[in-house]
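Undergrad: TSV, C-alpha atoms, file start33.tsv:
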```
chain	number	residue	atom	x	y	z
V	29	MET	CA	86.91	92.97	116.03
V	30	PHE	CA	84.03	95.19	114.92
V	31	THR	CA	81.59	93.13	117.00
V	32	ILE	CA	83.74	93.72	120.09
V	33	LEU	CA	83.99	97.43	119.24
V	34	GLN	CA	80.22	97.73	118.85
V	35	LYS	CA	79.66	95.88	122.14
V	36	GLU	CA	82.07	98.18	123.99
V	37	ILE	CA	80.52	101.33	122.52
V	38	ASN	CA	77.06	100.12	123.51
V	39	THR	CA	78.36	99.46	127.03
V	40	PHE	CA	79.90	102.92	127.29
V	41	PHE	CA	76.75	104.76	126.26
V	42	SER	CA	74.12	102.47	127.78
V	43	SER	CA	75.62	102.70	131.28
V	44	LEU	CA	76.33	106.47	131.16
V	45	ILE	CA	80.11	105.86	131.32
V	46	GLY	CA	80.67	107.56	127.99
V	47	TYR	CA	78.37	110.49	128.76
V	48	ILE	CA	79.95	111.07	132.18
V	49	ALA	CA	83.47	110.89	130.75
V	50	ILE	CA	82.71	113.37	127.97
V	51	GLY	CA	80.77	115.65	130.35
V	52	LEU	CA	83.56	115.73	132.94
V	53	PHE	CA	86.16	116.49	130.28
V	54	LEU	CA	84.14	119.39	128.88
V	55	LEU	CA	83.27	120.69	132.35
V	56	THR	CA	86.88	120.63	133.54
V	57	THR	CA	88.37	122.22	130.42
V	58	GLY	CA	85.52	124.74	130.27
V	59	LEU	CA	86.14	125.87	133.86
V	60	PHE	CA	89.85	126.32	133.22
V	61	LEU	CA	89.33	128.12	129.91
V	62	TRP	CA	86.48	130.46	130.80
V	63	VAL	CA	85.93	130.63	134.59
V	64	PHE	CA	89.10	130.31	136.66
V	65	PRO	CA	90.79	133.75	136.51
V	66	GLU	CA	94.34	132.33	136.48
V	67	THR	CA	93.75	130.50	133.19
V	68	SER	CA	90.66	132.22	131.72
V	69	LEU	CA	90.99	133.26	128.10
V	70	LEU	CA	88.90	136.33	128.89
V	71	GLU	CA	91.49	137.45	131.45
V	72	TYR	CA	94.51	136.39	129.41
V	73	GLY	CA	93.80	138.78	126.58
V	74	TYR	CA	95.19	136.68	123.74
V	75	ALA	CA	93.13	134.76	121.18
V	76	ASN	CA	94.64	131.29	121.40
V	77	LEU	CA	93.85	127.87	122.84
V	78	ASP	CA	97.18	127.22	124.54
V	79	ALA	CA	95.45	126.76	127.90
V	80	LEU	CA	93.27	123.96	126.48
V	81	PHE	CA	96.23	122.06	125.07
V	82	PHE	CA	98.16	122.46	128.32
V	83	ILE	CA	95.28	121.34	130.55
V	84	ALA	CA	93.86	118.53	128.39
V	85	PRO	CA	96.77	116.05	128.83
V	86	TRP	CA	96.44	116.28	132.62
V	87	VAL	CA	92.68	115.77	132.42
V	88	PHE	CA	93.23	112.83	130.06
V	89	MET	CA	95.62	111.38	132.63
V	90	PHE	CA	92.63	110.63	134.88
V	91	LEU	CA	89.79	110.53	132.37
V	92	ILE	CA	91.20	107.85	130.06
V	93	PRO	CA	92.11	105.40	132.88
V	94	ALA	CA	88.51	105.79	134.10
V	95	ILE	CA	87.29	104.84	130.61
V	96	THR	CA	89.64	101.86	130.16
V	97	MET	CA	89.76	100.44	133.70
V	98	ARG	CA	86.86	98.05	133.10
V	99	SER	CA	88.02	96.85	129.67
V	100	PHE	CA	89.59	93.57	130.81
V	101	ALA	CA	89.35	93.82	134.61
V	102	GLU	CA	85.57	93.40	134.49
V	103	GLU	CA	85.85	90.55	131.99
V	104	PHE	CA	88.26	88.69	134.28
V	105	LYS	CA	86.16	89.31	137.39
V	106	SER	CA	82.87	88.20	135.82
V	107	GLY	CA	84.42	85.33	133.87
V	108	THR	CA	83.12	86.58	130.53
V	109	ILE	CA	86.65	86.58	129.15
V	110	GLU	CA	86.25	82.81	128.78
V	111	LEU	CA	83.21	83.37	126.56
V	112	LEU	CA	85.17	85.81	124.41
V	113	ALA	CA	87.97	83.25	124.10
V	114	THR	CA	85.55	80.71	122.62
V	115	ARG	CA	84.40	83.10	119.92
V	116	PRO	CA	86.04	83.02	116.47
V	117	VAL	CA	88.22	86.04	117.28
V	118	THR	CA	91.87	86.28	118.18
V	119	ASP	CA	93.26	87.93	121.31
V	120	LEU	CA	94.57	90.76	119.15
V	121	GLN	CA	91.12	91.37	117.65
V	122	ILE	CA	89.61	91.50	121.15
V	123	ILE	CA	92.26	93.99	122.27
V	124	LEU	CA	91.88	96.18	119.18
V	125	GLY	CA	88.08	96.15	119.49
V	126	LYS	CA	88.30	97.42	123.07
V	127	TYR	CA	91.11	99.82	122.18
V	128	PHE	CA	89.30	101.56	119.31
V	129	ALA	CA	86.06	101.74	121.30
V	130	ALA	CA	87.82	103.63	124.11
V	131	LEU	CA	89.64	105.79	121.54
V	132	LEU	CA	86.32	106.70	119.92
V	133	VAL	CA	85.04	107.94	123.29
V	134	VAL	CA	88.16	110.11	123.60
V	135	PHE	CA	87.56	111.47	120.09
V	136	LEU	CA	83.93	112.27	120.94
V	137	ALA	CA	85.13	114.10	124.06
V	138	LEU	CA	87.43	116.26	121.96
V	139	LEU	CA	84.88	116.99	119.24
V	140	PRO	CA	82.73	119.49	121.21
V	141	THR	CA	85.85	121.54	122.05
V	142	LEU	CA	85.73	122.77	118.46
V	143	VAL	CA	83.18	125.22	119.90
V	144	TYR	CA	86.08	126.74	121.87
V	145	TYR	CA	88.04	127.10	118.63
V	146	ILE	CA	85.13	128.84	116.87
V	147	THR	CA	84.57	131.12	119.88
V	148	VAL	CA	88.22	132.16	120.18
V	149	TYR	CA	88.38	132.59	116.40
V	150	GLN	CA	85.59	135.16	116.63
V	151	LEU	CA	86.73	136.82	119.88
V	152	GLY	CA	90.00	138.18	118.51
V	153	ALA	CA	90.32	141.96	118.10
V	154	THR	CA	90.59	140.99	114.44
V	155	PRO	CA	88.29	137.96	113.95
V	156	GLY	CA	90.29	135.07	112.57
V	157	ASN	CA	93.58	136.26	114.11
V	158	LEU	CA	94.37	132.76	115.35
V	159	ASP	CA	97.29	130.46	114.52
V	160	THR	CA	95.16	127.84	112.77
V	161	GLY	CA	98.09	125.60	111.84
V	162	ALA	CA	99.34	125.33	115.42
V	163	THR	CA	95.79	124.81	116.68
V	164	TRP	CA	95.09	121.90	114.35
V	165	GLY	CA	98.53	120.51	115.09
V	166	SER	CA	97.69	120.61	118.79
V	167	TYR	CA	94.42	118.76	118.16
V	168	ILE	CA	96.29	116.07	116.23
V	169	GLY	CA	98.81	115.91	119.06
V	170	LEU	CA	95.98	115.45	121.58
V	171	LEU	CA	94.56	112.58	119.52
V	172	PHE	CA	97.96	110.87	119.45
V	173	LEU	CA	98.35	111.52	123.17
V	174	GLY	CA	94.89	110.10	123.88
V	175	ALA	CA	95.67	107.05	121.73
V	176	ALA	CA	98.86	106.44	123.74
V	177	PHE	CA	97.04	106.82	127.08
V	178	VAL	CA	94.32	104.41	125.90
V	179	ALA	CA	97.00	101.82	125.09
V	180	ILE	CA	98.43	102.21	128.61
V	181	GLY	CA	94.95	101.96	130.14
V	182	ILE	CA	94.05	98.80	128.22
V	183	PHE	CA	97.33	97.20	129.29
V	184	ALA	CA	96.77	98.17	132.95
V	185	SER	CA	93.27	96.70	132.84
V	186	SER	CA	94.65	93.38	131.57
V	187	LEU	CA	96.89	93.04	134.64
V	188	THR	CA	94.19	92.81	137.31
V	189	GLN	CA	90.60	91.89	138.09
V	190	ASN	CA	90.13	95.01	140.21
V	191	GLN	CA	88.97	98.10	138.33
V	192	ILE	CA	90.32	100.51	140.98
V	193	VAL	CA	93.76	98.89	140.79
V	194	ALA	CA	93.58	99.08	136.99
V	195	PHE	CA	92.68	102.78	137.25
V	196	LEU	CA	95.58	103.56	139.59
V	197	LEU	CA	98.07	101.59	137.48
V	198	ALA	CA	96.93	103.42	134.35
V	199	VAL	CA	97.15	106.86	136.01
V	200	PHE	CA	100.68	106.09	137.19
V	201	GLY	CA	101.63	104.72	133.76
V	202	CYS	CA	100.24	107.77	131.95
V	203	PHE	CA	101.97	110.19	134.32
V	204	PHE	CA	105.30	108.35	134.09
V	205	CYS	CA	105.28	108.10	130.30
V	206	TYR	CA	104.07	111.67	129.84
V	207	ALA	CA	106.03	113.67	132.41
V	208	ALA	CA	108.66	111.57	134.20
V	209	PHE	CA	111.19	111.47	131.35
V	210	ASP	CA	110.81	115.22	130.90
V	211	TYR	CA	111.54	115.82	134.59
V	212	LEU	CA	114.47	113.39	134.59
V	213	SER	CA	116.09	115.13	131.64
V	214	LYS	CA	115.96	118.45	133.50
V	215	LEU	CA	117.77	117.10	136.59
V	216	ASN	CA	121.05	117.21	134.65
V	217	VAL	CA	122.22	113.92	136.14
V	218	PHE	CA	123.33	112.69	132.72
V	219	TYR	CA	125.44	114.15	129.97
V	220	ALA	CA	123.66	116.71	127.77
V	221	LYS	CA	123.23	114.33	124.86
V	222	ILE	CA	121.86	111.61	127.14
V	223	ASP	CA	119.48	114.14	128.71
V	224	ASP	CA	118.12	114.87	125.23
V	225	VAL	CA	117.61	111.15	124.57
V	226	VAL	CA	115.86	110.70	127.94
V	227	GLU	CA	113.53	113.60	127.12
V	228	LEU	CA	112.68	112.08	123.72
V	229	LEU	CA	111.69	108.82	125.40
V	230	GLY	CA	108.71	110.58	127.01
V	231	ILE	CA	105.41	111.45	125.38
V	232	ASN	CA	105.48	115.15	126.24
V	233	ALA	CA	108.39	116.02	123.93
V	234	HIS	CA	106.63	114.50	120.92
V	235	TYR	CA	103.25	115.98	121.89
V	236	LEU	CA	104.79	119.47	122.08
V	237	SER	CA	106.56	118.91	118.77
V	238	ILE	CA	103.31	118.08	116.95
V	239	SER	CA	101.53	120.95	118.74
V	240	ARG	CA	103.75	123.44	116.95
V	241	GLY	CA	101.79	122.68	113.80
V	242	VAL	CA	104.42	120.64	111.98
V	243	ILE	CA	103.74	116.89	111.70
V	244	ASP	CA	107.18	115.30	111.90
V	245	THR	CA	107.33	111.65	110.79
V	246	ARG	CA	109.61	110.92	113.76
V	247	ASP	CA	106.83	111.93	116.15
V	248	VAL	CA	104.27	109.86	114.27
V	249	ILE	CA	106.59	106.84	114.30
V	250	TYR	CA	107.14	107.34	118.04
V	251	PHE	CA	103.41	107.31	118.84
V	252	VAL	CA	102.66	104.37	116.53
V	253	SER	CA	105.53	102.40	118.05
V	254	PHE	CA	104.50	103.33	121.61
V	255	ILE	CA	100.91	102.24	121.03
V	256	SER	CA	102.00	99.02	119.29
V	257	ILE	CA	104.29	98.08	122.20
V	258	PHE	CA	101.53	98.39	124.78
V	259	ILE	CA	99.05	96.51	122.61
V	260	LEU	CA	101.59	93.69	122.19
V	261	LEU	CA	102.23	93.69	125.95
V	262	THR	CA	98.48	93.36	126.52
V	263	GLN	CA	98.39	90.46	124.09
V	264	LEU	CA	101.23	88.75	125.98
V	265	VAL	CA	99.34	89.16	129.27
V	266	LEU	CA	96.20	87.60	127.79
V	267	GLU	CA	98.14	84.70	126.31
V	268	ARG	CA	99.96	84.14	129.60
V	269	ARG	CA	96.63	83.80	131.45
V	270	LYS	CA	95.85	80.79	129.27
V	271	TRP	CA	98.90	78.88	130.49
```
Is it possible to express this structure as structure tokens?
TA:
Amino acid sequence: MFTILQKEINTFFSSLIGYIAIGLFLLTTGLFLWVFPETSLLEYGYANLDALFFIAPWVFMFLIPAITMRSFAEEFKSGTIELLATRPVTDLQIILGKYFAALLVVFLALLPTLVYYITVYQLGATPGNLDTGATWGSYIGLLFLGAAFVAIGIFASSLTQNQIVAFLLAVFGCFFCYAAFDYLSKLNVFYAKIDDVVELLGINAHYLSISRGVIDTRDVIYFVSFISIFILLTQLVLERRKW
């Protein structure tokens, strides 16, 4: 697994994919946080990073599929998946190697945003007047969110040989799992209790819960289960291609 992970990381950063992904994420969030007047922290007047944690999931929705789209699609198209299959590694180890490599790129994209935290921390009328607990909770929530989107992206890439198709499938999957259940629950087409259950099926409810600064084991179990399901689905797809 670690050999696959190292290979994927080398691919990301030797072909500029990783640098472009991280650069686009920082550019997009930076523009929303500091330049665009509707969302600029300088115009908003409050020392918090709420805008970052609202914008980041929507940026991830396109960024992460761009990172993961080549994971298996390129292997299938070039035929190198057959070479991987002959190595002394299991399908699950191949999947996890690619999964953690993409997740590491997401983590590296988030890391420079700590500069935003330090800046906002110092910009307050009283330096340090920032809800640190909620901020760190939001960062943890973003990591869980990114991990879930990576699992969707890896699964989408295993379904096709075309990277563009894999990208579009992953974007749709991320949007549906993040926002669709939330929207459905607000249509009031079900009973109130069922609406609550529908909302809890989506990622957004659990992301917002963690972002409040309290790590609830139910949210952690949700994300771990969600990621595990998509990794197992990817494994089933790979095994089915051998039949």
Undergrad: I'd like to know which of V:Ile48, V:Val143, V:Ala194, V:Val87 is closest to Glu102 of chain V, using all atoms listed in the file.
TA: V:Ala194
Undergrad: Quick one: distance from atom CA of Ile257 of chain V to atom CA of Leu170 of chain V in Å, one decimal?
TA: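 Separating atom CA of Ile257 of chain V from atom CA of Leu170 of chain V is a distance of 19.3 Å.
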Undergrad: Set the distance at 10 Å and use all atoms listed in the file: which residues neighbour Leu264 of chain V once local chain neighbours fewer than 4 positions away are removed? I'd like the list as a VMD selection string.
TA: chain V and resid 119 to 120 183 186 258 to 260 268 to 269
Undergrad: So, with only C-alpha atoms as the atoms that count, which of V:Ser239, V:Asn232, V:Thr262, V:Ser185 lies closest to Pro93 of chain V?
TA: V:Ser185
Undergrad: Could you tell me how far atom CA of Ile32 of chain V sits from atom CA of Lys105 of chain V, in Å to one decimal place?
TA: 18.0 Å
Undergrad: For a quick check of understanding, using only C-alpha atoms, which of V:Gly174, V:Ala233, V:Ser256, V:Phe200 has the smallest distance to Phe135 of chain V?
TA: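 Result for the nearest residue to Phe135 of chain V: V:Gly174.
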Undergrad: Using Å and a single decimal, report how far atom CA of Ser43 of chain V sits from atom CA of Ile255 of chain V.
TA: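 Separation between atom CA of Ile255 of chain V and atom CA of Ser43 of chain V: 27.3 Å.
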Undergrad: Restricting the calculation to all atoms listed in the file, which member of V:Tyr149, V:Tyr235, V:Trp86, V:Phe104 is positioned closest to Asp247 of chain V?
TA: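 Among the listed residues, the smallest separation from Asp247 of chain V belongs to V:Tyr235.
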